Amino acid sequence: MVYKSSLYKRIYVVVRNIPPGKVATYGQVAKISVVLHARIVGYAMAAVPPDSDIPWQRVINHQGKISPRSSGNGGTIQRQYLEAEGIRFDRNGRVDLKIYGWKYPDSERIEGDFFNPELPLEDTK
DNA sequence: TTGTTGACTCTGA
DNA sequence: CTCAGAGCCAACA
């Protein structure tokens, strides 16, 4: 799979390493990807090839909600994917990030040619 | 090259 | 907790 740029490739490597049953926010992916802003991560997700193996459904916004996309209602599919992995949604359609949020130390398992283990750990609570 | 857009986040009220 | 507004930066016209 050839991606549009090394920028996107970095994001996709991070997303692919999110464990099943966990979710990460755009901002978190942005931090791990070192130099990006959350919007760029969202932009990259919109450009994910439909035939890829990237678990884009595990990336949600900072409120713990599925981000509304500009077209269509693919968000419903995303929610079904996550529920199939055991993630529960509350009445407002929100995920409890304290339970299902991806903790940065897990990213030791990331296998990528770019990954730099010396990153700030801020989201570890 | 300038202007708009967007699967976002932060801050203040 | 929620709601607005400002800021963000790559992609696109």
# chains A, B, ... in the order shown; residues from 1 in each chain; ligands from 1
>>> residues_around(residues="C:DC9", least_positions_apart="6", cutoff="10 Å", atoms="only C-alpha atoms (C1' of nucleotides)", output="list of chain:residue names")
A:Leu36, A:His37, A:Ala38, A:Arg39, A:Ile40
>>> residues_around(residues="B:DT4", least_positions_apart="3", cutoff="12 Å", atoms="only C-alpha atoms (C1' of nucleotides)", output="PDB file with N, CA and C atoms (P, O5', C5', C4', C3', O3' and C1' of nucleotides), in the first residue's frame")
ATOM      1  P    DA C  11      -0.725  17.300   2.854  1.00  0.00           P
ATOM      2  O5'  DA C  11      -2.132  17.679   2.208  1.00  0.00           O
ATOM      3  C5'  DA C  11      -3.291  16.966   2.631  1.00  0.00           C
ATOM      4  C4'  DA C  11      -4.526  17.519   1.947  1.00  0.00           C
ATOM      5  C3'  DA C  11      -4.429  17.584   0.419  1.00  0.00           C
ATOM      6  O3'  DA C  11      -5.639  17.099  -0.118  1.00  0.00           O
ATOM      7  C1'  DA C  11      -5.029  19.691   1.285  1.00  0.00           C
ATOM      8  P    DC C  12      -5.700  16.757  -1.676  1.00  0.00           P
ATOM      9  O5'  DC C  12      -6.622  17.926  -2.228  1.00  0.00           O
ATOM     10  C5'  DC C  12      -7.804  18.295  -1.484  1.00  0.00           C
ATOM     11  C4'  DC C  12      -8.395  19.566  -2.022  1.00  0.00           C
ATOM     12  C3'  DC C  12      -8.247  19.758  -3.535  1.00  0.00           C
ATOM     13  O3'  DC C  12      -9.525  20.038  -4.080  1.00  0.00           O
ATOM     14  C1'  DC C  12      -7.554  21.692  -2.396  1.00  0.00           C
ATOM     15  P    DA C  13      -9.742  20.124  -5.695  1.00  0.00           P
ATOM     16  O5'  DA C  13     -10.170  21.642  -5.893  1.00  0.00           O
ATOM     17  C5'  DA C  13     -11.205  22.196  -5.094  1.00  0.00           C
ATOM     18  C4'  DA C  13     -11.360  23.685  -5.357  1.00  0.00           C
ATOM     19  C3'  DA C  13     -11.296  24.066  -6.830  1.00  0.00           C
ATOM     20  O3'  DA C  13     -12.221  25.117  -7.091  1.00  0.00           O
ATOM     21  C1'  DA C  13      -9.588  25.175  -5.663  1.00  0.00           C
TER      22       DA C  13
END
>>> select_by_dssp(residues="stretch 15-118 of chain A", states="strand (DSSP E or B)", output="PyMOL selection string")
chain A and resi 23-25+59-60+65+89+94-95+101
>>> write_last_selection(atoms="N, CA and C atoms", output="PDB file, in the first residue's frame")
ATOM      1  N   VAL A  23      -9.627   2.642  22.340  1.00  0.00           N
ATOM      2  CA  VAL A  23      -9.799   3.744  21.411  1.00  0.00           C
ATOM      3  C   VAL A  23      -8.782   4.831  21.705  1.00  0.00           C
ATOM      4  N   ALA A  24      -8.440   5.609  20.731  1.00  0.00           N
ATOM      5  CA  ALA A  24      -7.527   6.736  20.906  1.00  0.00           C
ATOM      6  C   ALA A  24      -8.188   7.984  20.334  1.00  0.00           C
ATOM      7  N   THR A  25      -7.806   9.113  20.894  1.00  0.00           N
ATOM      8  CA  THR A  25      -8.346  10.357  20.360  1.00  0.00           C
ATOM      9  C   THR A  25      -7.441  10.875  19.249  1.00  0.00           C
ATOM     10  N   VAL A  59     -10.394   5.431  16.277  1.00  0.00           N
ATOM     11  CA  VAL A  59     -10.016   6.824  16.496  1.00  0.00           C
ATOM     12  C   VAL A  59     -11.277   7.666  16.636  1.00  0.00           C
ATOM     13  N   ILE A  60     -11.431   8.288  17.799  1.00  0.00           N
ATOM     14  CA  ILE A  60     -12.607   9.111  18.065  1.00  0.00           C
ATOM     15  C   ILE A  60     -12.152  10.470  18.576  1.00  0.00           C
ATOM     16  N   LYS A  65     -16.677  10.824  21.703  1.00  0.00           N
ATOM     17  CA  LYS A  65     -17.750  10.576  20.753  1.00  0.00           C
ATOM     18  C   LYS A  65     -17.178  10.258  19.381  1.00  0.00           C
ATOM     19  N   PHE A  89     -21.136   2.061  24.875  1.00  0.00           N
ATOM     20  CA  PHE A  89     -21.500   3.467  24.717  1.00  0.00           C
ATOM     21  C   PHE A  89     -22.561   3.821  25.745  1.00  0.00           C
ATOM     22  N   ARG A  94     -21.526   8.125  24.016  1.00  0.00           N
ATOM     23  CA  ARG A  94     -20.140   8.431  24.365  1.00  0.00           C
ATOM     24  C   ARG A  94     -19.413   7.215  24.915  1.00  0.00           C
ATOM     25  N   VAL A  95     -18.112   7.182  24.698  1.00  0.00           N
ATOM     26  CA  VAL A  95     -17.257   6.119  25.217  1.00  0.00           C
ATOM     27  C   VAL A  95     -16.522   6.657  26.439  1.00  0.00           C
ATOM     28  N   GLY A 101      -9.769   4.173  26.827  1.00  0.00           N
ATOM     29  CA  GLY A 101      -8.745   5.018  26.217  1.00  0.00           C
ATOM     30  C   GLY A 101      -7.410   4.304  26.118  1.00  0.00           C
TER      31      GLY A 101
END
>>> atom_distance(atom1="atom CA of A:Asn17", atom2="atom CA of A:Pro55")
8.8 Å
>>> atom_distance(atom1="atom CA of A:Val29", atom2="atom CA of A:Arg88")
21.4 Å
>>> interface_residues(of="chain B", to="chain A", cutoff="9 Å", atoms="only C-alpha atoms (C1' of nucleotides)", output="number ranges by chain")
B: 6-9
>>> write_last_selection(atoms="C-alpha atoms (C1' of nucleotides)", output="compact mmCIF listing (two decimals), in the first residue's frame")
# COMPACT_ATOMS: atom_id res chain seq x y z
C1' DG B 6 -12.40 20.23 7.82
C1' DA B 7 -13.46 12.43 10.87
C1' DC B 8 -10.22 18.45 15.98
C1' DT B 9 -8.77 20.58 20.59
>>> closest_atom_pairs(of="chain C", to="chain A", cutoff="12 Å", atoms="only C-alpha atoms (C1' of nucleotides)", output="tab-separated table")
residue	atom	partner	partner_atom	distance
C:DC1	C1'	A:Gln63	CA	11.7
C:DT2	C1'	A:Gln63	CA	11.3
C:DG7	C1'	A:His37	CA	10.8
C:DC8	C1'	A:His37	CA	6.7
C:DC9	C1'	A:His37	CA	6.9
C:DA10	C1'	A:Ile40	CA	6.4
C:DA11	C1'	A:Tyr43	CA	8.5
>>> write_last_selection(atoms="N, CA and C atoms (P, O5', C5', C4', C3', O3' and C1' of nucleotides)", output="PDB file, in the first residue's frame")
ATOM      1  P    DC C   1     -17.069  15.809  32.530  1.00  0.00           P
ATOM      2  O5'  DC C   1     -18.535  16.303  32.067  1.00  0.00           O
ATOM      3  C5'  DC C   1     -19.723  15.713  32.540  1.00  0.00           C
ATOM      4  C4'  DC C   1     -20.905  16.664  32.357  1.00  0.00           C
ATOM      5  C3'  DC C   1     -20.912  17.379  31.029  1.00  0.00           C
ATOM      6  O3'  DC C   1     -21.769  16.683  30.153  1.00  0.00           O
ATOM      7  C1'  DC C   1     -21.138  18.966  32.809  1.00  0.00           C
ATOM      8  P    DT C   2     -21.614  16.809  28.636  1.00  0.00           P
ATOM      9  O5'  DT C   2     -22.172  18.259  28.273  1.00  0.00           O
ATOM     10  C5'  DT C   2     -23.504  18.608  28.625  1.00  0.00           C
ATOM     11  C4'  DT C   2     -23.740  20.071  28.267  1.00  0.00           C
ATOM     12  C3'  DT C   2     -23.469  20.368  26.782  1.00  0.00           C
ATOM     13  O3'  DT C   2     -24.558  21.095  26.237  1.00  0.00           O
ATOM     14  C1'  DT C   2     -22.210  21.840  28.173  1.00  0.00           C
ATOM     15  P    DG C   7      -7.333  33.599  17.601  1.00  0.00           P
ATOM     16  O5'  DG C   7      -6.699  32.141  17.457  1.00  0.00           O
ATOM     17  C5'  DG C   7      -6.232  31.485  18.627  1.00  0.00           C
ATOM     18  C4'  DG C   7      -5.708  30.115  18.257  1.00  0.00           C
ATOM     19  C3'  DG C   7      -4.838  30.089  16.989  1.00  0.00           C
ATOM     20  O3'  DG C   7      -3.630  29.404  17.281  1.00  0.00           O
ATOM     21  C1'  DG C   7      -6.518  28.449  16.871  1.00  0.00           C
ATOM     22  P    DC C   8      -2.476  29.401  16.189  1.00  0.00           P
ATOM     23  O5'  DC C   8      -2.513  27.909  15.630  1.00  0.00           O
ATOM     24  C5'  DC C   8      -2.514  26.811  16.517  1.00  0.00           C
ATOM     25  C4'  DC C   8      -2.936  25.543  15.790  1.00  0.00           C
ATOM     26  C3'  DC C   8      -2.286  25.400  14.417  1.00  0.00           C
ATOM     27  O3'  DC C   8      -1.118  24.619  14.538  1.00  0.00           O
ATOM     28  C1'  DC C   8      -4.644  24.904  14.344  1.00  0.00           C
ATOM     29  P    DC C   9       0.136  25.061  13.694  1.00  0.00           P
ATOM     30  O5'  DC C   9      -0.054  24.231  12.343  1.00  0.00           O
ATOM     31  C5'  DC C   9      -0.160  22.822  12.405  1.00  0.00           C
ATOM     32  C4'  DC C   9      -0.709  22.277  11.094  1.00  0.00           C
ATOM     33  C3'  DC C   9       0.030  22.809   9.864  1.00  0.00           C
ATOM     34  O3'  DC C   9       0.150  21.759   8.929  1.00  0.00           O
ATOM     35  C1'  DC C   9      -2.254  23.195   9.638  1.00  0.00           C
ATOM     36  P    DA C  10       1.341  21.701   7.932  1.00  0.00           P
ATOM     37  O5'  DA C  10       0.816  20.656   6.853  1.00  0.00           O
ATOM     38  C5'  DA C  10       0.441  19.361   7.273  1.00  0.00           C
ATOM     39  C4'  DA C  10      -0.713  18.829   6.451  1.00  0.00           C
ATOM     40  C3'  DA C  10      -0.445  18.812   4.950  1.00  0.00           C
ATOM     41  O3'  DA C  10      -1.023  17.648   4.392  1.00  0.00           O
ATOM     42  C1'  DA C  10      -2.322  20.187   5.416  1.00  0.00           C
ATOM     43  P    DA C  11      -0.725  17.300   2.854  1.00  0.00           P
ATOM     44  O5'  DA C  11      -2.132  17.679   2.208  1.00  0.00           O
ATOM     45  C5'  DA C  11      -3.291  16.966   2.631  1.00  0.00           C
ATOM     46  C4'  DA C  11      -4.526  17.519   1.947  1.00  0.00           C
ATOM     47  C3'  DA C  11      -4.429  17.584   0.419  1.00  0.00           C
ATOM     48  O3'  DA C  11      -5.639  17.099  -0.118  1.00  0.00           O
ATOM     49  C1'  DA C  11      -5.029  19.691   1.285  1.00  0.00           C
TER      50       DA C  11
END
>>> atom_distance(atom1="atom CA of A:Lys98", atom2="atom CA of A:Arg10")
25.4 Å
>>> residues_around(residues="B:DG12", least_positions_apart="6", cutoff="12 Å", atoms="only C-alpha atoms (C1' of nucleotides)", output="ChimeraX atom specification")
/C:3-6
>>> write_last_selection(atoms="N, CA, C and O atoms (P, O5', C5', C4', C3', O3' and C1' of nucleotides)", output="PDB file, in the first residue's frame")
ATOM      1  P    DC C   3     -24.602  21.267  24.645  1.00  0.00           P
ATOM      2  O5'  DC C   3     -24.062  22.752  24.417  1.00  0.00           O
ATOM      3  C5'  DC C   3     -24.711  23.834  25.077  1.00  0.00           C
ATOM      4  C4'  DC C   3     -24.008  25.151  24.753  1.00  0.00           C
ATOM      5  C3'  DC C   3     -23.618  25.306  23.280  1.00  0.00           C
ATOM      6  O3'  DC C   3     -24.048  26.580  22.824  1.00  0.00           O
ATOM      7  C1'  DC C   3     -21.729  25.655  24.677  1.00  0.00           C
ATOM      8  P    DA C   4     -24.145  26.866  21.236  1.00  0.00           P
ATOM      9  O5'  DA C   4     -23.203  28.137  21.090  1.00  0.00           O
ATOM     10  C5'  DA C   4     -21.930  28.104  21.655  1.00  0.00           C
ATOM     11  C4'  DA C   4     -21.326  29.493  21.749  1.00  0.00           C
ATOM     12  C3'  DA C   4     -20.786  30.005  20.414  1.00  0.00           C
ATOM     13  O3'  DA C   4     -20.627  31.418  20.479  1.00  0.00           O
ATOM     14  C1'  DA C   4     -19.006  29.183  21.819  1.00  0.00           C
ATOM     15  P    DG C   5     -20.244  32.177  19.138  1.00  0.00           P
ATOM     16  O5'  DG C   5     -18.644  32.302  19.236  1.00  0.00           O
ATOM     17  C5'  DG C   5     -18.086  33.061  20.299  1.00  0.00           C
ATOM     18  C4'  DG C   5     -16.571  32.904  20.331  1.00  0.00           C
ATOM     19  C3'  DG C   5     -15.885  33.105  18.974  1.00  0.00           C
ATOM     20  O3'  DG C   5     -14.842  34.059  19.133  1.00  0.00           O
ATOM     21  C1'  DG C   5     -15.183  31.081  19.977  1.00  0.00           C
ATOM     22  P    DA C   6     -14.016  34.519  17.867  1.00  0.00           P
ATOM     23  O5'  DA C   6     -12.607  33.795  18.124  1.00  0.00           O
ATOM     24  C5'  DA C   6     -11.996  33.946  19.411  1.00  0.00           C
ATOM     25  C4'  DA C   6     -10.715  33.134  19.474  1.00  0.00           C
ATOM     26  C3'  DA C   6      -9.820  33.269  18.242  1.00  0.00           C
ATOM     27  O3'  DA C   6      -8.464  33.380  18.657  1.00  0.00           O
ATOM     28  C1'  DA C   6     -10.358  30.997  18.606  1.00  0.00           C
TER      29       DA C   6
END
>>> residues_around(residues="A:Ile54", least_positions_apart="5", cutoff="10 Å", atoms="only C-alpha atoms (C1' of nucleotides)", output="number ranges by chain")
A: 12-18, 45, 48-49
>>> write_last_selection(atoms="all heavy atoms", output="PDB file, in the first residue's frame")
ATOM      1  N   TYR A  12      -0.934   6.456  10.027  1.00  0.00           N
ATOM      2  CA  TYR A  12      -1.519   5.138   9.833  1.00  0.00           C
ATOM      3  C   TYR A  12      -0.783   4.075  10.638  1.00  0.00           C
ATOM      4  O   TYR A  12      -1.399   3.137  11.129  1.00  0.00           O
ATOM      5  CB  TYR A  12      -1.505   4.781   8.340  1.00  0.00           C
ATOM      6  CG  TYR A  12      -2.364   5.695   7.504  1.00  0.00           C
ATOM      7  CD1 TYR A  12      -2.064   5.948   6.176  1.00  0.00           C
ATOM      8  CD2 TYR A  12      -3.481   6.319   8.064  1.00  0.00           C
ATOM      9  CE1 TYR A  12      -2.851   6.773   5.407  1.00  0.00           C
ATOM     10  CE2 TYR A  12      -4.273   7.155   7.298  1.00  0.00           C
ATOM     11  CZ  TYR A  12      -3.954   7.391   5.968  1.00  0.00           C
ATOM     12  OH  TYR A  12      -4.725   8.215   5.218  1.00  0.00           O
ATOM     13  N   VAL A  13       0.520   4.214  10.767  1.00  0.00           N
ATOM     14  CA  VAL A  13       1.264   3.245  11.570  1.00  0.00           C
ATOM     15  C   VAL A  13       0.789   3.288  13.011  1.00  0.00           C
ATOM     16  O   VAL A  13       0.593   2.256  13.659  1.00  0.00           O
ATOM     17  CB  VAL A  13       2.777   3.527  11.495  1.00  0.00           C
ATOM     18  CG1 VAL A  13       3.530   2.712  12.541  1.00  0.00           C
ATOM     19  CG2 VAL A  13       3.293   3.201  10.109  1.00  0.00           C
ATOM     20  N   VAL A  14       0.576   4.485  13.518  1.00  0.00           N
ATOM     21  CA  VAL A  14       0.104   4.619  14.892  1.00  0.00           C
ATOM     22  C   VAL A  14      -1.283   4.014  15.042  1.00  0.00           C
ATOM     23  O   VAL A  14      -1.555   3.245  15.962  1.00  0.00           O
ATOM     24  CB  VAL A  14       0.086   6.105  15.306  1.00  0.00           C
ATOM     25  CG1 VAL A  14      -0.557   6.275  16.672  1.00  0.00           C
ATOM     26  CG2 VAL A  14       1.504   6.659  15.324  1.00  0.00           C
ATOM     27  N   VAL A  15      -2.161   4.339  14.121  1.00  0.00           N
ATOM     28  CA  VAL A  15      -3.546   3.853  14.211  1.00  0.00           C
ATOM     29  C   VAL A  15      -3.585   2.327  14.141  1.00  0.00           C
ATOM     30  O   VAL A  15      -4.331   1.679  14.866  1.00  0.00           O
ATOM     31  CB  VAL A  15      -4.396   4.469  13.081  1.00  0.00           C
ATOM     32  CG1 VAL A  15      -5.778   3.834  13.057  1.00  0.00           C
ATOM     33  CG2 VAL A  15      -4.523   5.970  13.296  1.00  0.00           C
ATOM     34  N   ARG A  16      -2.761   1.765  13.289  1.00  0.00           N
ATOM     35  CA  ARG A  16      -2.752   0.306  13.174  1.00  0.00           C
ATOM     36  C   ARG A  16      -2.316  -0.373  14.456  1.00  0.00           C
ATOM     37  O   ARG A  16      -2.593  -1.538  14.665  1.00  0.00           O
ATOM     38  CB  ARG A  16      -1.829  -0.122  12.034  1.00  0.00           C
ATOM     39  CG  ARG A  16      -2.569  -0.466  10.756  1.00  0.00           C
ATOM     40  CD  ARG A  16      -1.711  -1.346   9.882  1.00  0.00           C
ATOM     41  NE  ARG A  16      -0.502  -0.640   9.497  1.00  0.00           N
ATOM     42  CZ  ARG A  16      -0.349   0.008   8.356  1.00  0.00           C
ATOM     43  NH1 ARG A  16      -1.314   0.029   7.495  1.00  0.00           N
ATOM     44  NH2 ARG A  16       0.764   0.634   8.076  1.00  0.00           N
ATOM     45  N   ASN A  17      -1.616   0.358  15.309  1.00  0.00           N
ATOM     46  CA  ASN A  17      -1.111  -0.248  16.537  1.00  0.00           C
ATOM     47  C   ASN A  17      -2.016   0.000  17.737  1.00  0.00           C
ATOM     48  O   ASN A  17      -1.639  -0.306  18.859  1.00  0.00           O
ATOM     49  CB  ASN A  17       0.300   0.257  16.826  1.00  0.00           C
ATOM     50  CG  ASN A  17       1.325  -0.501  16.017  1.00  0.00           C
ATOM     51  OD1 ASN A  17       1.787  -1.559  16.422  1.00  0.00           O
ATOM     52  ND2 ASN A  17       1.666  -0.001  14.853  1.00  0.00           N
ATOM     53  N   ILE A  18      -3.154   0.566  17.535  1.00  0.00           N
ATOM     54  CA  ILE A  18      -4.123   0.684  18.623  1.00  0.00           C
ATOM     55  C   ILE A  18      -4.698  -0.702  18.899  1.00  0.00           C
ATOM     56  O   ILE A  18      -5.189  -1.348  17.987  1.00  0.00           O
ATOM     57  CB  ILE A  18      -5.254   1.651  18.245  1.00  0.00           C
ATOM     58  CG1 ILE A  18      -4.676   3.043  17.958  1.00  0.00           C
ATOM     59  CG2 ILE A  18      -6.274   1.733  19.381  1.00  0.00           C
ATOM     60  CD1 ILE A  18      -5.711   4.016  17.425  1.00  0.00           C
ATOM     61  N   MET A  45      -7.572  10.539   8.292  1.00  0.00           N
ATOM     62  CA  MET A  45      -8.569   9.481   8.402  1.00  0.00           C
ATOM     63  C   MET A  45      -9.548   9.548   7.244  1.00  0.00           C
ATOM     64  O   MET A  45     -10.000   8.531   6.733  1.00  0.00           O
ATOM     65  CB  MET A  45      -9.333   9.626   9.722  1.00  0.00           C
ATOM     66  CG  MET A  45      -8.514   9.289  10.950  1.00  0.00           C
ATOM     67  SD  MET A  45      -7.884   7.600  11.004  1.00  0.00           S
ATOM     68  CE  MET A  45      -6.186   7.889  10.521  1.00  0.00           C
ATOM     69  N   VAL A  48      -8.228   7.665   4.298  1.00  0.00           N
ATOM     70  CA  VAL A  48      -7.849   6.261   4.419  1.00  0.00           C
ATOM     71  C   VAL A  48      -8.433   5.479   3.245  1.00  0.00           C
ATOM     72  O   VAL A  48      -9.616   5.599   2.951  1.00  0.00           O
ATOM     73  CB  VAL A  48      -8.392   5.674   5.733  1.00  0.00           C
ATOM     74  CG1 VAL A  48      -8.266   4.162   5.740  1.00  0.00           C
ATOM     75  CG2 VAL A  48      -7.644   6.262   6.914  1.00  0.00           C
ATOM     76  N   PRO A  49      -7.605   4.695   2.593  1.00  0.00           N
ATOM     77  CA  PRO A  49      -8.111   3.872   1.489  1.00  0.00           C
ATOM     78  C   PRO A  49      -9.123   2.856   2.019  1.00  0.00           C
ATOM     79  O   PRO A  49      -8.883   2.241   3.049  1.00  0.00           O
ATOM     80  CB  PRO A  49      -6.846   3.157   0.979  1.00  0.00           C
ATOM     81  CG  PRO A  49      -5.704   3.960   1.498  1.00  0.00           C
ATOM     82  CD  PRO A  49      -6.169   4.579   2.771  1.00  0.00           C
TER      83      PRO A  49
END
>>> decode(residues="chain B", atoms="C-alpha atoms (C1' of nucleotides)", output="mmCIF file, in the first residue's frame")
data_model
loop_
_atom_site.group_PDB
_atom_site.id
_atom_site.type_symbol
_atom_site.label_atom_id
_atom_site.label_comp_id
_atom_site.auth_asym_id
_atom_site.auth_seq_id
_atom_site.Cartn_x
_atom_site.Cartn_y
_atom_site.Cartn_z
ATOM 1 C "C1'" DT B 1 -0.026 32.479 -4.013
ATOM 2 C "C1'" DT B 2 -4.208 33.520 -1.471
ATOM 3 C "C1'" DG B 3 -8.545 31.788 0.478
ATOM 4 C "C1'" DT B 4 -11.558 28.013 2.186
ATOM 5 C "C1'" DT B 5 -12.441 23.788 4.367
ATOM 6 C "C1'" DG B 6 -12.404 20.231 7.824
ATOM 7 C "C1'" DA B 7 -13.461 12.427 10.873
ATOM 8 C "C1'" DC B 8 -10.218 18.449 15.978
ATOM 9 C "C1'" DT B 9 -8.772 20.576 20.586
ATOM 10 C "C1'" DC B 10 -8.213 24.059 23.933
ATOM 11 C "C1'" DT B 11 -9.903 27.686 26.864
ATOM 12 C "C1'" DG B 12 -13.194 30.514 29.056
ATOM 13 C "C1'" DA B 13 -17.941 31.350 30.471
#
